[in-house]
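The data block below is work_18.csv; it holds CSV, N, CA and C atoms.
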```csv
chain,number,residue,atom,x,y,z
W,1,MET,N,-3.1,-38.5,122.7
W,1,MET,CA,-1.8,-38.9,123.1
W,1,MET,C,-1.1,-37.9,124.0
W,2,LEU,N,-1.2,-36.6,123.6
W,2,LEU,CA,-0.5,-35.6,124.4
W,2,LEU,C,-1.1,-35.5,125.8
W,3,SER,N,-2.4,-35.7,126.0
W,3,SER,CA,-3.0,-35.6,127.3
W,3,SER,C,-2.5,-36.8,128.2
W,4,ARG,N,-2.3,-37.9,127.6
W,4,ARG,CA,-1.8,-39.1,128.3
W,4,ARG,C,-0.4,-38.8,128.7
W,5,GLU,N,0.4,-38.2,127.9
W,5,GLU,CA,1.8,-37.9,128.2
W,5,GLU,C,1.8,-36.9,129.4
W,6,MET,N,1.0,-35.9,129.4
W,6,MET,CA,0.9,-34.9,130.5
W,6,MET,C,0.4,-35.6,131.7
W,7,ASP,N,-0.5,-36.5,131.6
W,7,ASP,CA,-1.0,-37.2,132.8
W,7,ASP,C,0.2,-37.9,133.5
W,8,ALA,N,1.0,-38.6,132.6
W,8,ALA,CA,2.2,-39.3,133.1
W,8,ALA,C,3.2,-38.4,133.8
W,9,ILE,N,3.4,-37.2,133.2
W,9,ILE,CA,4.3,-36.3,133.8
W,9,ILE,C,3.8,-35.8,135.2
W,10,VAL,N,2.6,-35.6,135.3
W,10,VAL,CA,2.0,-35.2,136.6
W,10,VAL,C,2.0,-36.3,137.6
W,11,ASP,N,1.6,-37.5,137.1
W,11,ASP,CA,1.6,-38.7,138.0
W,11,ASP,C,3.0,-39.0,138.5
W,12,LYS,N,4.0,-38.8,137.7
W,12,LYS,CA,5.4,-39.1,138.2
W,12,LYS,C,6.0,-38.0,139.1
W,13,GLY,N,5.2,-36.9,139.2
W,13,GLY,CA,5.7,-35.8,140.1
W,13,GLY,C,6.7,-34.9,139.4
W,14,TYR,N,6.8,-34.9,138.1
W,14,TYR,CA,7.7,-34.0,137.4
W,14,TYR,C,7.2,-32.6,137.5
W,15,VAL,N,5.9,-32.4,137.5
W,15,VAL,CA,5.3,-31.1,137.7
W,15,VAL,C,4.3,-31.1,138.8
W,16,ILE,N,4.0,-30.0,139.4
W,16,ILE,CA,3.1,-30.0,140.5
W,16,ILE,C,1.9,-29.0,140.0
W,17,VAL,N,0.8,-29.6,139.9
W,17,VAL,CA,-0.4,-28.8,139.5
W,17,VAL,C,-1.6,-29.2,140.3
W,18,GLY,N,-2.6,-28.4,140.4
W,18,GLY,CA,-3.8,-28.7,141.1
W,18,GLY,C,-4.4,-27.6,141.8
W,19,SER,N,-5.3,-27.9,142.7
W,19,SER,CA,-6.0,-26.9,143.5
W,19,SER,C,-4.9,-26.4,144.6
W,20,PRO,N,-5.2,-25.3,145.3
W,20,PRO,CA,-4.2,-24.9,146.3
W,20,PRO,C,-4.0,-26.0,147.4
W,21,ASP,N,-5.1,-26.7,147.7
W,21,ASP,CA,-4.9,-27.8,148.7
W,21,ASP,C,-4.0,-28.9,148.1
W,22,GLU,N,-4.2,-29.3,146.9
W,22,GLU,CA,-3.3,-30.3,146.2
W,22,GLU,C,-1.9,-29.8,146.1
W,23,VAL,N,-1.7,-28.6,145.7
W,23,VAL,CA,-0.3,-28.1,145.6
W,23,VAL,C,0.4,-28.0,146.9
W,24,VAL,N,-0.3,-27.6,148.0
W,24,VAL,CA,0.3,-27.6,149.3
W,24,VAL,C,0.7,-29.0,149.7
W,25,GLU,N,-0.2,-29.9,149.5
W,25,GLU,CA,0.1,-31.3,149.8
W,25,GLU,C,1.4,-31.8,149.0
W,26,GLN,N,1.4,-31.6,147.7
W,26,GLN,CA,2.5,-32.0,146.9
W,26,GLN,C,3.8,-31.4,147.3
W,27,LEU,N,3.8,-30.0,147.5
W,27,LEU,CA,5.0,-29.3,147.8
W,27,LEU,C,5.5,-29.7,149.2
W,28,THR,N,4.6,-29.9,150.1
W,28,THR,CA,5.0,-30.4,151.5
W,28,THR,C,5.7,-31.7,151.4
W,29,GLU,N,5.2,-32.6,150.6
W,29,GLU,CA,5.8,-33.9,150.4
W,29,GLU,C,7.2,-33.8,149.7
W,30,VAL,N,7.3,-33.0,148.7
W,30,VAL,CA,8.6,-32.8,148.1
W,30,VAL,C,9.6,-32.2,149.0
W,31,ALA,N,9.2,-31.2,149.7
W,31,ALA,CA,10.1,-30.5,150.7
W,31,ALA,C,10.6,-31.4,151.8
W,32,THR,N,9.7,-32.2,152.3
W,32,THR,CA,10.1,-33.1,153.4
W,32,THR,C,10.8,-34.3,153.0
W,33,ASN,N,10.3,-35.0,151.9
W,33,ASN,CA,10.9,-36.2,151.5
W,33,ASN,C,12.3,-36.0,150.8
W,34,LEU,N,12.4,-34.9,150.0
W,34,LEU,CA,13.6,-34.6,149.3
W,34,LEU,C,14.5,-33.5,150.0
W,35,ASN,N,14.0,-33.1,151.1
W,35,ASN,CA,14.7,-32.0,151.9
W,35,ASN,C,15.0,-30.8,151.1
W,36,VAL,N,14.0,-30.3,150.4
W,36,VAL,CA,14.1,-29.2,149.5
W,36,VAL,C,13.6,-28.0,150.2
W,37,GLY,N,14.4,-26.9,150.2
W,37,GLY,CA,14.0,-25.7,150.9
W,37,GLY,C,13.8,-24.5,150.0
W,38,HIS,N,14.4,-24.5,148.8
W,38,HIS,CA,14.2,-23.4,147.9
W,38,HIS,C,13.7,-24.0,146.6
W,39,LEU,N,12.6,-23.4,146.1
W,39,LEU,CA,12.0,-23.8,144.8
W,39,LEU,C,11.9,-22.7,143.9
W,40,MET,N,12.0,-22.9,142.6
W,40,MET,CA,11.7,-21.9,141.6
W,40,MET,C,10.4,-22.3,141.0
W,41,MET,N,9.5,-21.3,141.1
W,41,MET,CA,8.1,-21.6,140.6
W,41,MET,C,7.9,-21.1,139.2
W,42,LEU,N,7.2,-21.8,138.4
W,42,LEU,CA,6.8,-21.4,137.1
W,42,LEU,C,5.3,-21.3,137.1
W,43,LEU,N,4.8,-20.1,137.3
W,43,LEU,CA,3.3,-19.9,137.5
W,43,LEU,C,2.7,-19.5,136.2
W,44,GLN,N,3.4,-19.3,135.1
W,44,GLN,CA,3.0,-19.0,133.8
W,44,GLN,C,3.7,-20.0,132.8
W,45,PHE,N,3.0,-20.6,131.9
W,45,PHE,CA,3.6,-21.5,130.9
W,45,PHE,C,2.8,-21.5,129.6
W,46,GLY,N,3.5,-21.9,128.6
W,46,GLY,CA,2.8,-22.0,127.3
W,46,GLY,C,2.2,-20.7,126.8
W,47,ASN,N,1.0,-20.8,126.3
W,47,ASN,CA,0.3,-19.6,125.8
W,47,ASN,C,-0.7,-19.0,126.8
W,48,MET,N,-0.4,-19.2,128.0
W,48,MET,CA,-1.3,-18.8,129.1
W,48,MET,C,-1.5,-17.3,129.0
W,49,SER,N,-2.7,-16.8,129.2
W,49,SER,CA,-2.9,-15.3,129.1
W,49,SER,C,-2.2,-14.6,130.3
W,50,LYS,N,-2.0,-13.3,130.2
W,50,LYS,CA,-1.4,-12.5,131.3
W,50,LYS,C,-2.4,-12.5,132.5
W,51,GLU,N,-3.7,-12.5,132.2
W,51,GLU,CA,-4.6,-12.5,133.3
W,51,GLU,C,-4.6,-13.8,134.1
W,52,LEU,N,-4.5,-14.9,133.4
W,52,LEU,CA,-4.5,-16.2,134.1
W,52,LEU,C,-3.2,-16.3,134.9
W,53,ALA,N,-2.1,-15.9,134.3
W,53,ALA,CA,-0.8,-15.9,135.0
W,53,ALA,C,-0.8,-15.1,136.3
W,54,LYS,N,-1.4,-13.9,136.2
W,54,LYS,CA,-1.6,-13.1,137.4
W,54,LYS,C,-2.5,-13.8,138.4
W,55,TYR,N,-3.5,-14.4,138.0
W,55,TYR,CA,-4.4,-15.2,138.9
W,55,TYR,C,-3.7,-16.3,139.6
W,56,ASN,N,-2.9,-17.1,138.8
W,56,ASN,CA,-2.1,-18.2,139.4
W,56,ASN,C,-1.1,-17.6,140.4
W,57,THR,N,-0.5,-16.5,140.1
W,57,THR,CA,0.5,-16.0,141.0
W,57,THR,C,-0.2,-15.5,142.3
W,58,ARG,N,-1.3,-14.8,142.2
W,58,ARG,CA,-2.0,-14.4,143.4
W,58,ARG,C,-2.5,-15.5,144.2
W,59,LEU,N,-3.1,-16.6,143.5
W,59,LEU,CA,-3.6,-17.7,144.2
W,59,LEU,C,-2.5,-18.4,145.0
W,60,PHE,N,-1.3,-18.6,144.3
W,60,PHE,CA,-0.2,-19.2,145.0
W,60,PHE,C,0.3,-18.4,146.2
W,61,ALA,N,0.4,-17.1,146.1
W,61,ALA,CA,0.8,-16.2,147.2
W,61,ALA,C,-0.2,-16.2,148.3
W,62,GLU,N,-1.4,-16.2,148.0
W,62,GLU,CA,-2.4,-16.1,149.1
W,62,GLU,C,-2.9,-17.4,149.7
W,63,LYS,N,-2.9,-18.5,148.9
W,63,LYS,CA,-3.5,-19.8,149.4
W,63,LYS,C,-2.5,-20.9,149.6
W,64,VAL,N,-1.3,-20.8,149.0
W,64,VAL,CA,-0.3,-21.9,149.1
W,64,VAL,C,0.8,-21.4,150.0
W,65,MET,N,1.5,-20.3,149.7
W,65,MET,CA,2.7,-19.9,150.4
W,65,MET,C,2.5,-19.9,151.9
W,66,PRO,N,1.4,-19.2,152.4
W,66,PRO,CA,1.2,-19.2,153.9
W,66,PRO,C,1.1,-20.5,154.5
W,67,ARG,N,0.7,-21.5,153.8
W,67,ARG,CA,0.5,-22.9,154.4
W,67,ARG,C,1.8,-23.7,154.3
W,68,LEU,N,2.9,-23.1,153.7
W,68,LEU,CA,4.1,-23.8,153.6
W,68,LEU,C,5.2,-23.2,154.5
W,69,LYS,N,4.9,-22.1,155.2
W,69,LYS,CA,5.8,-21.4,156.1
W,69,LYS,C,6.4,-22.3,157.2
W,70,HIS,N,5.7,-23.3,157.6
W,70,HIS,CA,6.1,-24.1,158.7
W,70,HIS,C,7.2,-25.2,158.2
W,71,VAL,N,7.2,-25.4,157.0
W,71,VAL,CA,8.1,-26.5,156.4
W,71,VAL,C,9.5,-25.9,156.6
W,72,HIS,N,10.4,-26.7,157.3
W,72,HIS,CA,11.8,-26.3,157.6
W,72,HIS,C,11.9,-25.1,158.4
W,73,SER,N,10.9,-24.6,159.1
W,73,SER,CA,11.0,-23.4,159.8
W,73,SER,C,12.0,-23.5,161.0
W,74,GLN,N,12.3,-24.7,161.4
W,74,GLN,CA,13.3,-24.8,162.5
W,74,GLN,C,14.7,-24.7,162.0
W,75,TRP,N,15.0,-24.6,160.7
W,75,TRP,CA,16.3,-24.4,160.2
W,75,TRP,C,16.7,-23.0,159.9
W,76,GLU,N,17.9,-22.6,160.1
W,76,GLU,CA,18.4,-21.3,159.7
W,76,GLU,C,18.8,-21.4,158.3
W,77,ASP,N,18.3,-20.5,157.5
W,77,ASP,CA,18.6,-20.5,156.1
W,77,ASP,C,19.9,-19.7,155.8
W,78,HIS,N,21.0,-20.4,155.6
W,78,HIS,CA,22.3,-19.8,155.3
W,78,HIS,C,22.4,-19.3,153.9
W,79,TRP,N,21.5,-19.7,153.0
W,79,TRP,CA,21.7,-19.4,151.6
W,79,TRP,C,20.8,-18.3,151.1
W,80,TRP,N,19.9,-17.8,151.9
W,80,TRP,CA,19.0,-16.7,151.5
W,80,TRP,C,19.8,-15.4,151.7
W,81,PRO,N,19.7,-14.5,150.7
W,81,PRO,CA,20.5,-13.3,150.8
W,81,PRO,C,20.0,-12.4,152.0
W,82,GLN,N,21.0,-11.8,152.7
W,82,GLN,CA,20.7,-11.0,153.8
W,82,GLN,C,21.3,-9.6,153.5
W,83,PRO,N,20.6,-8.5,154.0
W,83,PRO,CA,21.2,-7.2,153.8
W,83,PRO,C,22.5,-7.0,154.5
W,84,MET,N,23.4,-6.2,153.9
W,84,MET,CA,24.7,-5.9,154.5
W,84,MET,C,24.5,-5.0,155.8
W,85,GLN,N,25.4,-5.1,156.7
W,85,GLN,CA,25.3,-4.2,157.8
W,85,GLN,C,25.6,-2.8,157.3
W,86,PRO,N,24.9,-1.8,157.9
W,86,PRO,CA,25.1,-0.4,157.4
W,86,PRO,C,26.5,0.0,157.3
W,87,ALA,N,27.3,-0.4,158.3
W,87,ALA,CA,28.7,0.0,158.3
W,87,ALA,C,29.5,-0.6,157.2
W,88,GLU,N,29.1,-1.7,156.6
W,88,GLU,CA,29.8,-2.3,155.5
W,88,GLU,C,29.4,-1.8,154.1
W,89,ARG,N,28.3,-1.0,154.1
W,89,ARG,CA,27.8,-0.6,152.8
W,89,ARG,C,28.6,0.6,152.2
W,90,ALA,N,28.8,0.6,150.9
W,90,ALA,CA,29.5,1.7,150.3
W,90,ALA,C,28.6,2.9,150.2
W,91,ALA,N,29.1,4.0,150.3
W,91,ALA,CA,28.3,5.2,150.1
W,91,ALA,C,28.0,5.4,148.6
W,92,PRO,N,26.8,5.7,148.3
W,92,PRO,CA,26.5,5.9,146.9
W,92,PRO,C,27.2,7.1,146.3
W,93,ALA,N,27.6,7.0,145.1
W,93,ALA,CA,28.3,8.1,144.4
W,93,ALA,C,27.4,9.2,144.2
W,94,SER,N,27.9,10.4,144.3
W,94,SER,CA,27.1,11.6,144.1
W,94,SER,C,26.6,11.7,142.6
W,95,PHE,N,25.5,12.2,142.4
W,95,PHE,CA,24.9,12.3,141.0
W,95,PHE,C,25.2,13.6,140.4
W,96,ALA,N,25.9,13.6,139.3
W,96,ALA,CA,26.2,14.8,138.6
W,96,ALA,C,25.7,14.6,137.1
W,97,PRO,N,24.6,15.2,136.7
W,97,PRO,CA,24.1,15.0,135.4
W,97,PRO,C,25.2,15.5,134.3
W,98,VAL,N,25.3,14.7,133.3
W,98,VAL,CA,26.2,15.0,132.2
W,98,VAL,C,25.5,16.0,131.2
W,99,ALA,N,26.1,17.0,130.9
W,99,ALA,CA,25.5,18.0,130.0
W,99,ALA,C,25.4,17.3,128.6
W,100,GLN,N,24.3,17.5,128.0
W,100,GLN,CA,24.1,16.9,126.7
W,100,GLN,C,24.5,17.9,125.6
W,101,ALA,N,25.1,17.4,124.5
W,101,ALA,CA,25.4,18.3,123.4
W,101,ALA,C,24.2,18.7,122.7
W,102,ALA,N,24.2,19.9,122.2
W,102,ALA,CA,23.1,20.5,121.5
W,102,ALA,C,22.8,19.7,120.3
W,103,ALA,N,21.6,19.4,120.0
W,103,ALA,CA,21.2,18.7,118.7
W,103,ALA,C,21.5,19.6,117.5
W,104,GLU,N,22.0,19.0,116.5
W,104,GLU,CA,22.3,19.8,115.3
W,104,GLU,C,21.1,19.9,114.4
```

Go ahead and express the file in the form of structure tokens.
Amino acid sequence: MLSREMDAIVDKGYVIVGSPDEVVEQLTEVATNLNVGHLMMLLQFGNMSKELAKYNTRLFAEKVMPRLKHVHSQWEDHWWPQPMQPAERAAPASFAPVAQAAAE
């Protein structure tokens, strides 16, 4: 029963899973059809091991992200944080360590 529910979730596009080629295809479709430019990825879920989560993250970074750079590349991204101009930055406060009281 649970596997059929998961199949339906994937079939309806509520989650994107698959090989790098499949994920690129699905994300390109979502980005263009829904005009989505920012996504939050969940590359670890459930009881997935740390090693598998690292593998998923590396696979996404190396095989998927580079193939999505062209999507919306003609648009200026007004919402992505940009560094402040140096003249607008506050000077960091000087560091003065606080003397610690002697332990009793």

Inset, instruction - Taking the DSSP assignment computed from this structure's backbone, write out as a VMD selection string all residues of chain W that belong to alpha helix (DSSP H). - result: chain W and resid 2 to 11 20 to 33 50 to 59

With segment 12-34 of chain W as the partner and 12 Å as the cut-off, tabulate the residues of segment 69-88 of chain W that qualify, each row holding the nearest pair of atoms and their distance in Å to one decimal, using only C-alpha atoms, sorted by chain and rising number, as a Markdown table.
```
| residue | atom | partner | partner_atom | distance |
| --- | --- | --- | --- | --- |
| W:Lys69 | CA | W:Thr28 | CA | 10.1 |
| W:His70 | CA | W:Thr28 | CA | 9.6 |
| W:Val71 | CA | W:Thr28 | CA | 7.0 |
| W:His72 | CA | W:Thr32 | CA | 8.2 |
| W:Ser73 | CA | W:Ala31 | CA | 11.6 |
```

Keeping only N, CA and C atoms, write the selected residues as a compact mmCIF listing (two decimals), in the coordinates of the input.
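Wrote result_1.txt, looks like this:
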```txt
# COMPACT_ATOMS: atom_id res chain seq x y z
N LYS W 69 4.90 -22.10 155.20
CA LYS W 69 5.80 -21.40 156.10
C LYS W 69 6.40 -22.30 157.20
N HIS W 70 5.70 -23.30 157.60
CA HIS W 70 6.10 -24.10 158.70
C HIS W 70 7.20 -25.20 158.20
N VAL W 71 7.20 -25.40 157.00
CA VAL W 71 8.10 -26.50 156.40
C VAL W 71 9.50 -25.90 156.60
N HIS W 72 10.40 -26.70 157.30
CA HIS W 72 11.80 -26.30 157.60
C HIS W 72 11.90 -25.10 158.40
N SER W 73 10.90 -24.60 159.10
CA SER W 73 11.00 -23.40 159.80
C SER W 73 12.00 -23.50 161.00
```

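Of the residues under consideration (W:Leu43, W:Val10, W:Met84, W:Val36), W:Leu43 shows the shortest atom-to-atom contact distance to Tyr55 of chain W when counting all atoms listed in the file.
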
Legend entry - Gap from atom C of Met41 of chain W to atom C of Ile9 of chain W - Å, one decimal: 15.8 Å

Legend entry - Computed interatomic separation between atom CA of Trp79 of chain W and atom CA of Asn35 of chain W (Å):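 So the answer is 14.4 Å.
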